[in-house]
Every structure is written in C-alpha cells, then in structure tokens.
file start.txt (compact mmCIF, C-alpha atoms)
# COMPACT_ATOMS: atom_id res chain seq x y z
CA MET G 1 56.14 71.86 -90.83
CA SER G 2 58.74 74.41 -89.74
CA LEU G 3 62.30 73.23 -90.35
CA ASN G 4 63.86 76.29 -88.71
CA PRO G 5 63.17 78.50 -85.70
CA ARG G 6 60.66 81.14 -86.75
CA PHE G 7 61.42 84.85 -86.87
CA ASP G 8 58.25 86.11 -85.22
CA ASN G 9 59.60 89.56 -84.33
CA TRP G 10 62.37 91.48 -86.11
CA THR G 11 62.69 94.27 -83.54
CA GLY G 12 66.31 94.44 -82.37
CA ARG G 13 67.42 91.46 -84.47
CA VAL G 14 70.97 91.87 -85.78
CA VAL G 15 70.96 91.07 -89.51
CA TRP G 16 73.97 91.14 -91.84
CA LEU G 17 73.42 90.98 -95.60
CA VAL G 18 76.47 90.30 -97.76
CA GLY G 19 76.05 91.55 -101.33
CA ALA G 20 73.14 93.87 -100.67
CA SER G 21 73.94 96.96 -102.74
CA THR G 22 71.26 96.30 -105.38
CA GLY G 23 68.36 94.04 -106.31
CA ILE G 24 66.99 91.41 -103.95
CA GLY G 25 69.60 92.02 -101.26
CA ARG G 26 68.95 95.75 -101.03
CA ALA G 27 65.16 95.33 -101.08
CA THR G 28 65.34 92.69 -98.35
CA ALA G 29 67.60 94.91 -96.24
CA ALA G 30 65.10 97.75 -96.60
CA ARG G 31 62.20 95.53 -95.60
CA LEU G 32 64.10 94.23 -92.54
CA HIS G 33 64.98 97.77 -91.52
CA ALA G 34 61.33 98.79 -91.75
CA ALA G 35 60.42 95.81 -89.55
CA GLY G 36 62.75 97.00 -86.80
CA ALA G 37 65.89 94.94 -87.38
CA ARG G 38 69.40 96.28 -86.83
CA VAL G 39 70.60 96.04 -90.41
CA VAL G 40 74.21 95.79 -91.54
CA ILE G 41 74.86 95.62 -95.28
CA SER G 42 78.05 94.79 -97.13
CA ALA G 43 79.10 95.10 -100.77
CA ARG G 44 82.09 96.26 -102.76
CA THR G 45 80.60 99.58 -103.87
CA GLN G 46 80.85 102.21 -101.15
CA ALA G 47 78.55 104.66 -102.94
CA ALA G 48 75.69 102.15 -103.02
CA LEU G 49 76.18 101.39 -99.33
CA ASP G 50 76.22 105.08 -98.46
CA SER G 51 72.99 105.68 -100.35
CA PHE G 52 71.31 102.89 -98.38
CA THR G 53 72.43 104.16 -94.98
CA ALA G 54 71.39 107.69 -95.95
CA GLU G 55 67.89 106.42 -96.68
CA HIS G 56 67.65 104.08 -93.67
CA ALA G 57 68.56 105.75 -90.40
CA GLY G 58 70.56 103.52 -88.07
CA ALA G 59 71.58 101.03 -90.76
CA GLU G 60 75.29 100.25 -90.92
CA ALA G 61 77.51 99.59 -93.93
CA ILE G 62 80.76 97.66 -94.22
CA ALA G 63 82.41 97.80 -97.63
CA LEU G 64 84.18 94.57 -98.56
CA ASP G 65 84.78 91.91 -101.19
CA ALA G 66 83.02 88.72 -100.13
CA THR G 67 85.96 86.62 -101.33
CA ASP G 68 88.43 88.51 -99.08
CA HIS G 69 89.01 86.39 -95.95
CA ASP G 70 90.56 89.18 -93.90
CA ALA G 71 87.82 91.66 -94.74
CA MET G 72 85.06 89.16 -93.94
CA ARG G 73 86.73 88.20 -90.65
CA ALA G 74 87.07 91.86 -89.69
CA ALA G 75 83.39 92.45 -90.50
CA VAL G 76 82.24 89.63 -88.20
CA ALA G 77 84.46 90.99 -85.43
CA ARG G 78 83.11 94.52 -85.91
CA ILE G 79 79.46 93.44 -85.86
CA THR G 80 79.82 91.19 -82.81
CA GLU G 81 81.85 93.77 -80.89
CA ARG G 82 79.12 96.34 -81.45
CA HIS G 83 76.02 94.17 -81.08
CA GLY G 84 77.22 91.08 -79.19
CA ARG G 85 75.63 88.65 -81.64
CA ILE G 86 74.44 88.08 -85.21
CA ASP G 87 70.91 86.73 -85.53
CA LEU G 88 70.75 86.31 -89.31
CA VAL G 89 73.34 86.35 -92.07
CA VAL G 90 72.21 86.44 -95.69
CA TYR G 91 74.68 85.63 -98.46
CA CYS G 92 73.25 87.37 -101.52
CA ALA G 93 76.46 88.26 -103.34
CA GLY G 94 76.26 87.08 -106.93
CA ILE G 95 77.03 87.70 -110.56
CA TYR G 96 75.35 86.44 -113.70
CA THR G 97 76.60 86.37 -117.26
CA PRO G 98 74.65 84.32 -119.84
CA MET G 99 76.93 81.69 -121.34
CA ARG G 100 76.58 78.69 -123.65
CA ALA G 101 79.18 75.99 -124.22
CA THR G 102 79.71 77.16 -127.79
CA ALA G 103 81.12 80.42 -126.37
CA PHE G 104 82.78 79.12 -123.21
CA ASP G 105 84.88 81.64 -121.28
CA PHE G 106 86.96 80.14 -118.48
CA LYS G 107 87.72 83.46 -116.79
CA VAL G 108 84.04 84.37 -116.59
CA ALA G 109 83.09 80.91 -115.31
CA LYS G 110 85.83 81.10 -112.67
CA GLN G 111 84.60 84.50 -111.54
CA HIS G 112 81.10 83.07 -111.05
CA LEU G 113 82.54 80.27 -108.94
CA GLU G 114 84.50 82.70 -106.78
CA VAL G 115 81.70 85.20 -106.14
CA ASN G 116 78.62 82.98 -106.13
CA TYR G 117 80.00 79.99 -104.24
CA LEU G 118 83.50 80.40 -102.80
CA GLY G 119 82.46 83.67 -101.16
CA ALA G 120 79.81 81.73 -99.24
CA LEU G 121 82.52 79.35 -98.01
CA VAL G 122 84.64 82.30 -96.89
CA MET G 123 81.62 83.58 -94.96
CA LEU G 124 81.13 80.21 -93.30
CA ASP G 125 84.79 80.00 -92.33
CA VAL G 126 84.71 83.29 -90.44
CA LEU G 127 81.11 83.09 -89.21
CA LEU G 128 80.54 79.54 -87.94
CA PRO G 129 82.68 79.82 -84.79
CA GLN G 130 80.61 82.84 -83.72
CA LEU G 131 77.24 81.20 -84.46
CA LEU G 132 78.21 77.94 -82.78
CA ARG G 133 79.26 79.95 -79.73
CA GLN G 134 75.88 81.68 -79.76
CA ALA G 135 74.13 78.31 -80.06
CA ARG G 136 75.93 76.99 -76.98
CA GLU G 137 74.81 80.11 -75.11
CA GLY G 138 71.19 79.59 -76.21
CA VAL G 139 71.13 82.64 -78.50
CA GLY G 140 71.07 80.76 -81.80
CA GLY G 141 71.48 82.24 -85.25
CA HIS G 142 70.51 81.69 -88.86
CA ILE G 143 72.36 81.46 -92.19
CA SER G 144 70.45 82.06 -95.42
CA LEU G 145 71.99 81.47 -98.85
CA VAL G 146 70.50 83.12 -101.94
CA SER G 147 70.63 80.55 -104.72
CA SER G 148 68.28 80.33 -107.72
CA VAL G 149 65.88 78.03 -109.52
CA ALA G 150 68.70 77.89 -112.11
CA GLY G 151 70.35 75.51 -109.65
CA TYR G 152 67.56 72.95 -109.91
CA ARG G 153 68.73 71.45 -113.22
CA GLY G 154 70.83 72.46 -116.22
CA LEU G 155 69.43 75.30 -118.35
CA PRO G 156 70.54 76.97 -121.59
CA LYS G 157 72.74 80.07 -121.17
CA SER G 158 73.38 79.10 -117.55
CA LEU G 159 76.75 77.39 -117.98
CA ALA G 160 78.65 79.76 -115.67
CA TYR G 161 75.78 80.61 -113.30
CA GLY G 162 73.69 77.48 -112.83
CA PRO G 163 76.37 75.13 -111.41
CA THR G 164 77.30 77.67 -108.72
CA LYS G 165 73.67 77.94 -107.65
CA ALA G 166 73.29 74.15 -107.62
CA ALA G 167 76.31 74.06 -105.32
CA LEU G 168 74.66 76.55 -102.95
CA ILE G 169 71.51 74.42 -102.75
CA ASN G 170 73.56 71.33 -101.92
CA LEU G 171 75.60 73.34 -99.41
CA ALA G 172 72.47 74.59 -97.63
CA GLU G 173 71.04 71.07 -97.41
CA THR G 174 74.26 69.76 -95.88
CA LEU G 175 74.52 72.68 -93.47
CA HIS G 176 70.96 72.07 -92.29
CA LEU G 177 71.74 68.43 -91.54
CA ASP G 178 74.83 69.41 -89.55
CA LEU G 179 73.72 72.61 -87.83
CA SER G 180 70.01 72.22 -87.17
CA PRO G 181 70.73 69.81 -84.27
CA GLU G 182 73.01 72.54 -82.86
CA GLY G 183 70.09 74.97 -82.73
CA LEU G 184 71.02 77.03 -85.78
CA GLY G 185 68.67 77.86 -88.64
CA ILE G 186 69.64 77.28 -92.27
CA SER G 187 67.64 78.32 -95.31
CA VAL G 188 68.12 78.53 -99.06
CA ILE G 189 66.37 81.13 -101.21
CA ASN G 190 65.57 80.11 -104.79
CA PRO G 191 64.07 83.02 -106.73
CA GLY G 192 62.66 82.81 -110.20
CA PHE G 193 63.06 85.84 -112.45
CA VAL G 194 63.39 89.10 -110.50
CA GLU G 195 63.81 92.52 -112.11
CA THR G 196 67.39 93.33 -111.05
CA PRO G 197 70.64 94.52 -112.67
CA LEU G 198 71.62 90.85 -113.02
CA THR G 199 68.62 89.95 -115.17
CA ALA G 200 68.59 93.23 -117.12
CA GLY G 201 70.91 91.74 -119.72
CA ASN G 202 68.65 88.81 -120.60
CA ASP G 203 67.57 88.86 -124.23
CA PHE G 204 64.55 86.60 -123.75
CA ARG G 205 61.13 86.92 -122.19
CA MET G 206 61.33 86.15 -118.48
CA PRO G 207 58.14 84.39 -117.32
CA ALA G 208 56.54 85.46 -114.04
CA LEU G 209 58.96 88.38 -113.63
CA ILE G 210 58.58 90.09 -110.24
CA THR G 211 60.06 93.15 -108.54
CA PRO G 212 62.78 93.07 -105.85
CA ASP G 213 60.23 94.31 -103.30
CA GLU G 214 57.93 91.39 -104.12
CA ALA G 215 60.91 89.07 -103.68
CA ALA G 216 61.75 90.63 -100.31
CA THR G 217 58.17 90.14 -99.14
CA ALA G 218 58.34 86.43 -100.01
CA ILE G 219 61.71 86.05 -98.29
CA LEU G 220 60.58 87.58 -94.99
CA LYS G 221 57.43 85.48 -95.12
CA GLY G 222 59.58 82.35 -95.51
CA TRP G 223 61.84 83.25 -92.59
CA GLN G 224 58.82 83.99 -90.44
CA ALA G 225 57.33 80.59 -91.32
CA GLY G 226 60.56 78.74 -90.52
CA ASP G 227 60.91 77.43 -94.08
CA PHE G 228 64.10 75.72 -95.23
CA GLU G 229 63.56 76.49 -98.94
CA ILE G 230 62.06 79.84 -99.82
CA HIS G 231 61.11 79.89 -103.50
CA PHE G 232 59.03 82.33 -105.51
CA PRO G 233 56.96 83.19 -107.44
CA LYS G 234 55.19 79.89 -106.86
CA ARG G 235 53.36 79.95 -110.22
CA PHE G 236 56.78 79.62 -111.87
CA THR G 237 58.92 77.76 -109.33
CA LEU G 238 56.42 74.94 -108.84
CA PHE G 239 56.51 74.31 -112.60
CA LEU G 240 60.31 74.05 -112.50
CA LYS G 241 60.14 71.77 -109.49
CA GLY G 242 57.91 69.48 -111.53
CA LEU G 243 60.52 69.35 -114.29
CA ARG G 244 63.06 68.01 -111.79
CA HIS G 245 61.16 64.73 -111.69
CA LEU G 246 61.37 64.09 -115.44
CA GLY G 247 63.83 61.62 -116.90
CA TYR G 248 66.64 63.16 -118.93
CA GLY G 249 65.09 62.52 -122.33
CA ALA G 250 61.79 64.14 -121.38
CA TYR G 251 63.56 66.96 -119.53
CA PHE G 252 65.89 67.91 -122.39
CA ALA G 253 62.97 67.84 -124.84
CA ALA G 254 60.79 69.99 -122.55
CA VAL G 255 63.52 72.61 -122.05
CA ARG G 256 64.34 72.81 -125.77
CA ARG G 257 60.65 73.12 -126.62
CA SER G 258 59.99 75.85 -124.06
CA THR G 259 63.14 77.90 -124.74
CA GLY G 260 63.62 77.25 -128.43
CA LEU G 261 67.32 76.57 -127.73
call {"tool": "encode", "arguments": {"input": "start.txt", "output": "structure tokens"}}
result
Amino acid sequence: MSLNPRFDNWTGRVVWLVGASTGIGRATAARLHAAGARVVISARTQAALDSFTAEHAGAEAIALDATDHDAMRAAVARITERHGRIDLVVYCAGIYTPMRATAFDFKVAKQHLEVNYLGALVMLDVLLPQLLRQAREGVGGHISLVSSVAGYRGLPKSLAYGPTKAALINLAETLHLDLSPEGLGISVINPGFVETPLTAGNDFRMPALITPDEAATAILKGWQAGDFEIHFPKRFTLFLKGLRHLGYGAYFAAVRRSTGL
C-alpha cells in the first residue's frame, strides 16, 4: 500500500538535496537529473558543488551550512522565486565518527547532533510554510529524511551517530502523521552499508556493502512506489528489522556475538 503520493514522472520536478556533495546524496542527485528533474544541490564545499553542476547541465548549486538558519531560509526563497515551487526536499547532510562509551567525546557527539538532526529541524522551520502553502494550492510536496539502519536499535561504535538517526526516524513518523492529511509526502531512507566517504573509516567488514549508485536506484524506486520507509539492501535490512523484535537480553547477546564487541 502506498503511504505517499507516487512520483511517476520526474520531468520538470523541482528537487532540492541538502548535503549532496558526496556519497548517496550526490548519486541520487545525478540519478534525478538523468530522469529529467530540475536538481538543486546544497553542501558546504563549493568545489564539490561546482564539479556536480559542471557534469550535469542545468543543475543548480547553493553553498550553505545546513545548520545556518539564514542561509537555509535564503535558499528556499531563491529556489521558489526561480521555480515557483519545491516538489521534493531531501535532507542527506550527515557525519559519522565511530565512537564507544569508553572513549566518549562530547564535542564530537554534539557535532553529530547538530549536523545529523538539528539541521533537519532548521530545514523544516524554513521549508514547511512553503510546502503547506503549496498543499493548499493543490501542488503538494514531499520531504525525505536520510536516516540509517543504525537508528533501529543501539549498536557498538554508534554512540554519536545512532541516536541522531533514531531521532530522524521518529521525526519522519511524526511528520507523516501530521502532514499526510495535508497532502504532503513524507519518507525516511534507512540505508545499510554504502561505500561512501562516511563509511571509509570503518575498521570492520561491512556486510552487504553496496555502491552509492545502487543506493540511489533503491531510493528512486521507493519514491516512485510511494513508500514511507525506503530501506536497502533488503538482504541486510530485513535481518536488522528482525532484531528489533528481540527482547533486550537476546538482542544484546545477538549483537555481541555477531560483532565480537
């Protein structure tokens, strides 16, 4: 059953991806551009944005920090002034530093909170008035938050990262309850291991590792199907979903056994 309006045709759709300079965000932007969407990408690194627009004719770039209210507000104004609407916004800004409680670093944990979660709230603050206006005019719109399977339950080395992703999942669920009746689409993207700069620092074997392009393919397929949760690769994410149903004793034992931690 579709929980969101389906994206059956990307031609002319105005799509803004926040945090799309590398990895999943960049690959998804490229795939949307190839499908005919009007793509706008944002990130802090101007050089990465410039390389994307050079490779994708007609794509636009707006350099910004996702936690900067003024910059985010100006970006929404710029996009709507030029295109009149925003059909899809994807929050894919994120950082990841492995951390265990025995080496807790408050500054690093706080940075994860600011980029991975508070930035999404900044986006909502400046974006929702525009999307609600579009909904009243019958245009609609869609917000998609890139979370992670690390947000399903607690995992070793995920002390800074996992809680922020759990917060995004909860946020997406609440947004769907509130905004779906208004005619807006809400989705949450929960990838497994994807070969990106974020995962490059992992010192363990990553099961079912996929490429950013494979991730982008799964994401567009989920939007086209009207899915609320888009998770991949299924051979890995379905296993983790099963672990969510275990009691704590069985869950802790299963994680320690499978990770050796």
call {"tool": "closest_residue", "arguments": {"input": "start.txt", "among": "G:Leu159, G:Gly36, G:Gly222, G:Leu177", "to": "G:Ala101", "atoms": "only C-alpha atoms"}}
result
G:Leu159
call {"tool": "residues_around", "arguments": {"input": "start.txt", "residues": "G:Val14", "least_positions_apart": "5", "cutoff": "8 Å", "atoms": "only C-alpha atoms", "output": "PyMOL selection string"}}
result
chain G and resi 37-40+83+85-88
call {"tool": "closest_residue", "arguments": {"input": "start.txt", "among": "G:Ile62, G:Met99, G:Leu175, G:Val188", "to": "G:Ala74", "atoms": "all atoms listed in the file"}}
result
G:Ile62
call {"tool": "atom_distance", "arguments": {"input": "start.txt", "atom1": "atom CA of G:Phe106", "atom2": "atom CA of G:Cys92"}}
result
23.0 Å
call {"tool": "residues_around", "arguments": {"input": "start.txt", "residues": "stretch 227-232 of chain G", "least_positions_apart": "3", "cutoff": "10 Å", "atoms": "only C-alpha atoms", "output": "mmCIF file with C-alpha atoms, in the coordinates of the input"}}
result
data_model
loop_
_atom_site.group_PDB
_atom_site.id
_atom_site.type_symbol
_atom_site.label_atom_id
_atom_site.label_comp_id
_atom_site.auth_asym_id
_atom_site.auth_seq_id
_atom_site.Cartn_x
_atom_site.Cartn_y
_atom_site.Cartn_z
ATOM 1 C CA MET G 1 56.140 71.860 -90.830
ATOM 2 C CA SER G 2 58.740 74.410 -89.740
ATOM 3 C CA LEU G 3 62.300 73.230 -90.350
ATOM 4 C CA ASN G 4 63.860 76.290 -88.710
ATOM 5 C CA PRO G 5 63.170 78.500 -85.700
ATOM 6 C CA ARG G 6 60.660 81.140 -86.750
ATOM 7 C CA SER G 144 70.450 82.060 -95.420
ATOM 8 C CA LEU G 145 71.990 81.470 -98.850
ATOM 9 C CA VAL G 146 70.500 83.120 -101.940
ATOM 10 C CA SER G 147 70.630 80.550 -104.720
ATOM 11 C CA SER G 148 68.280 80.330 -107.720
ATOM 12 C CA VAL G 149 65.880 78.030 -109.520
ATOM 13 C CA ILE G 169 71.510 74.420 -102.750
ATOM 14 C CA ALA G 172 72.470 74.590 -97.630
ATOM 15 C CA GLU G 173 71.040 71.070 -97.410
ATOM 16 C CA HIS G 176 70.960 72.070 -92.290
ATOM 17 C CA GLY G 185 68.670 77.860 -88.640
ATOM 18 C CA ILE G 186 69.640 77.280 -92.270
ATOM 19 C CA SER G 187 67.640 78.320 -95.310
ATOM 20 C CA VAL G 188 68.120 78.530 -99.060
ATOM 21 C CA ILE G 189 66.370 81.130 -101.210
ATOM 22 C CA ASN G 190 65.570 80.110 -104.790
ATOM 23 C CA PRO G 191 64.070 83.020 -106.730
ATOM 24 C CA GLY G 192 62.660 82.810 -110.200
ATOM 25 C CA PHE G 193 63.060 85.840 -112.450
ATOM 26 C CA VAL G 194 63.390 89.100 -110.500
ATOM 27 C CA ALA G 208 56.540 85.460 -114.040
ATOM 28 C CA ILE G 210 58.580 90.090 -110.240
ATOM 29 C CA GLU G 214 57.930 91.390 -104.120
ATOM 30 C CA ALA G 215 60.910 89.070 -103.680
ATOM 31 C CA ALA G 218 58.340 86.430 -100.010
ATOM 32 C CA ILE G 219 61.710 86.050 -98.290
ATOM 33 C CA LEU G 220 60.580 87.580 -94.990
ATOM 34 C CA LYS G 221 57.430 85.480 -95.120
ATOM 35 C CA GLY G 222 59.580 82.350 -95.510
ATOM 36 C CA TRP G 223 61.840 83.250 -92.590
ATOM 37 C CA GLN G 224 58.820 83.990 -90.440
ATOM 38 C CA ARG G 235 53.360 79.950 -110.220
ATOM 39 C CA PHE G 236 56.780 79.620 -111.870
ATOM 40 C CA THR G 237 58.920 77.760 -109.330
ATOM 41 C CA LEU G 238 56.420 74.940 -108.840
#
call {"tool": "atom_distance", "arguments": {"input": "start.txt", "atom1": "atom CA of G:Pro197", "atom2": "atom CA of G:Val126"}}
result
28.6 Å
call {"tool": "closest_residue", "arguments": {"input": "start.txt", "among": "G:Arg256, G:Lys165, G:His56, G:Arg78", "to": "G:Val115", "atoms": "only C-alpha atoms"}}
result
G:Lys165
call {"tool": "closest_atom_pairs", "arguments": {"input": "start.txt", "of": "stretch 68-97 of chain G", "to": "stretch 16-33 of chain G", "cutoff": "6 Å", "atoms": "only C-alpha atoms", "output": "CSV"}}
result
residue,atom,partner,partner_atom,distance
G:Val89,CA,G:Trp16,CA,4.8
G:Val90,CA,G:Leu17,CA,4.7
G:Tyr91,CA,G:Val18,CA,5.1
G:Cys92,CA,G:Gly19,CA,5.0
G:Ala93,CA,G:Gly19,CA,3.9
call {"tool": "residues_near_point", "arguments": {"input": "start.txt", "point": "(77.1, 86.1, -111.3)", "cutoff": "7 Å", "atoms": "only C-alpha atoms", "output": "compact mmCIF listing (two decimals) with C-alpha atoms, keeping the file's coordinate frame"}}
result
# COMPACT_ATOMS: atom_id res chain seq x y z
CA GLY G 94 76.26 87.08 -106.93
CA ILE G 95 77.03 87.70 -110.56
CA TYR G 96 75.35 86.44 -113.70
CA THR G 97 76.60 86.37 -117.26
CA HIS G 112 81.10 83.07 -111.05
CA VAL G 115 81.70 85.20 -106.14
CA ASN G 116 78.62 82.98 -106.13
CA TYR G 161 75.78 80.61 -113.30
call {"tool": "decode", "arguments": {"input": "start.txt", "residues": "stretch 148-202 of chain G", "atoms": "C-alpha atoms", "output": "PDB file, in the first residue's frame"}}
result
ATOM      1  CA  SER G 148      20.125   4.815   8.737  1.00  0.00           C
ATOM      2  CA  VAL G 149      19.533   1.291   9.963  1.00  0.00           C
ATOM      3  CA  ALA G 150      21.840   2.400  12.809  1.00  0.00           C
ATOM      4  CA  GLY G 151      18.777   4.202  14.121  1.00  0.00           C
ATOM      5  CA  TYR G 152      16.798   0.991  14.575  1.00  0.00           C
ATOM      6  CA  ARG G 153      18.475  -0.021  17.850  1.00  0.00           C
ATOM      7  CA  GLY G 154      21.714   0.644  19.718  1.00  0.00           C
ATOM      8  CA  LEU G 155      24.886  -0.667  18.055  1.00  0.00           C
ATOM      9  CA  PRO G 156      28.561  -0.738  19.060  1.00  0.00           C
ATOM     10  CA  LYS G 157      30.668   2.209  17.842  1.00  0.00           C
ATOM     11  CA  SER G 158      27.474   4.138  17.079  1.00  0.00           C
ATOM     12  CA  LEU G 159      27.274   6.233  20.247  1.00  0.00           C
ATOM     13  CA  ALA G 160      27.448   9.600  18.448  1.00  0.00           C
ATOM     14  CA  TYR G 161      25.751   8.563  15.202  1.00  0.00           C
ATOM     15  CA  GLY G 162      22.989   6.100  16.055  1.00  0.00           C
ATOM     16  CA  PRO G 163      20.894   8.294  18.400  1.00  0.00           C
ATOM     17  CA  THR G 164      20.725  11.073  15.792  1.00  0.00           C
ATOM     18  CA  LYS G 165      19.468   8.625  13.185  1.00  0.00           C
ATOM     19  CA  ALA G 166      16.910   7.191  15.612  1.00  0.00           C
ATOM     20  CA  ALA G 167      15.693  10.747  16.128  1.00  0.00           C
ATOM     21  CA  LEU G 168      15.271  11.216  12.367  1.00  0.00           C
ATOM     22  CA  ILE G 169      13.178   8.049  12.100  1.00  0.00           C
ATOM     23  CA  ASN G 170      10.912   9.214  14.922  1.00  0.00           C
ATOM     24  CA  LEU G 171      10.730  12.683  13.363  1.00  0.00           C
ATOM     25  CA  ALA G 172       9.684  11.272   9.980  1.00  0.00           C
ATOM     26  CA  GLU G 173       6.973   9.134  11.578  1.00  0.00           C
ATOM     27  CA  THR G 174       5.554  12.132  13.422  1.00  0.00           C
ATOM     28  CA  LEU G 175       5.732  14.345  10.336  1.00  0.00           C
ATOM     29  CA  HIS G 176       3.837  11.746   8.327  1.00  0.00           C
ATOM     30  CA  LEU G 177       1.047  11.649  10.907  1.00  0.00           C
ATOM     31  CA  ASP G 178       0.764  15.442  10.859  1.00  0.00           C
ATOM     32  CA  LEU G 179       1.384  16.270   7.211  1.00  0.00           C
ATOM     33  CA  SER G 180      -0.015  13.372   5.218  1.00  0.00           C
ATOM     34  CA  PRO G 181      -3.595  14.600   5.850  1.00  0.00           C
ATOM     35  CA  GLU G 182      -2.453  17.970   4.449  1.00  0.00           C
ATOM     36  CA  GLY G 183      -1.480  16.319   1.166  1.00  0.00           C
ATOM     37  CA  LEU G 184       2.274  16.296   1.708  1.00  0.00           C
ATOM     38  CA  GLY G 185       4.507  13.261   1.305  1.00  0.00           C
ATOM     39  CA  ILE G 186       6.986  12.207   3.992  1.00  0.00           C
ATOM     40  CA  SER G 187       9.547   9.436   3.715  1.00  0.00           C
ATOM     41  CA  VAL G 188      12.533   8.163   5.659  1.00  0.00           C
ATOM     42  CA  ILE G 189      15.506   6.490   3.980  1.00  0.00           C
ATOM     43  CA  ASN G 190      17.338   3.852   6.027  1.00  0.00           C
ATOM     44  CA  PRO G 191      20.404   2.572   4.172  1.00  0.00           C
ATOM     45  CA  GLY G 192      22.569  -0.281   5.280  1.00  0.00           C
ATOM     46  CA  PHE G 193      26.280  -0.083   4.474  1.00  0.00           C
ATOM     47  CA  VAL G 194      27.026   2.074   1.429  1.00  0.00           C
ATOM     48  CA  GLU G 195      30.515   2.699   0.052  1.00  0.00           C
ATOM     49  CA  THR G 196      30.890   6.417   0.840  1.00  0.00           C
ATOM     50  CA  PRO G 197      33.440   8.728   2.500  1.00  0.00           C
ATOM     51  CA  LEU G 198      31.474   8.285   5.745  1.00  0.00           C
ATOM     52  CA  THR G 199      31.944   4.520   5.859  1.00  0.00           C
ATOM     53  CA  ALA G 200      35.513   4.570   4.512  1.00  0.00           C
ATOM     54  CA  GLY G 201      36.876   4.850   8.047  1.00  0.00           C
ATOM     55  CA  ASN G 202      35.218   1.682   9.337  1.00  0.00           C
TER      56      ASN G 202
END
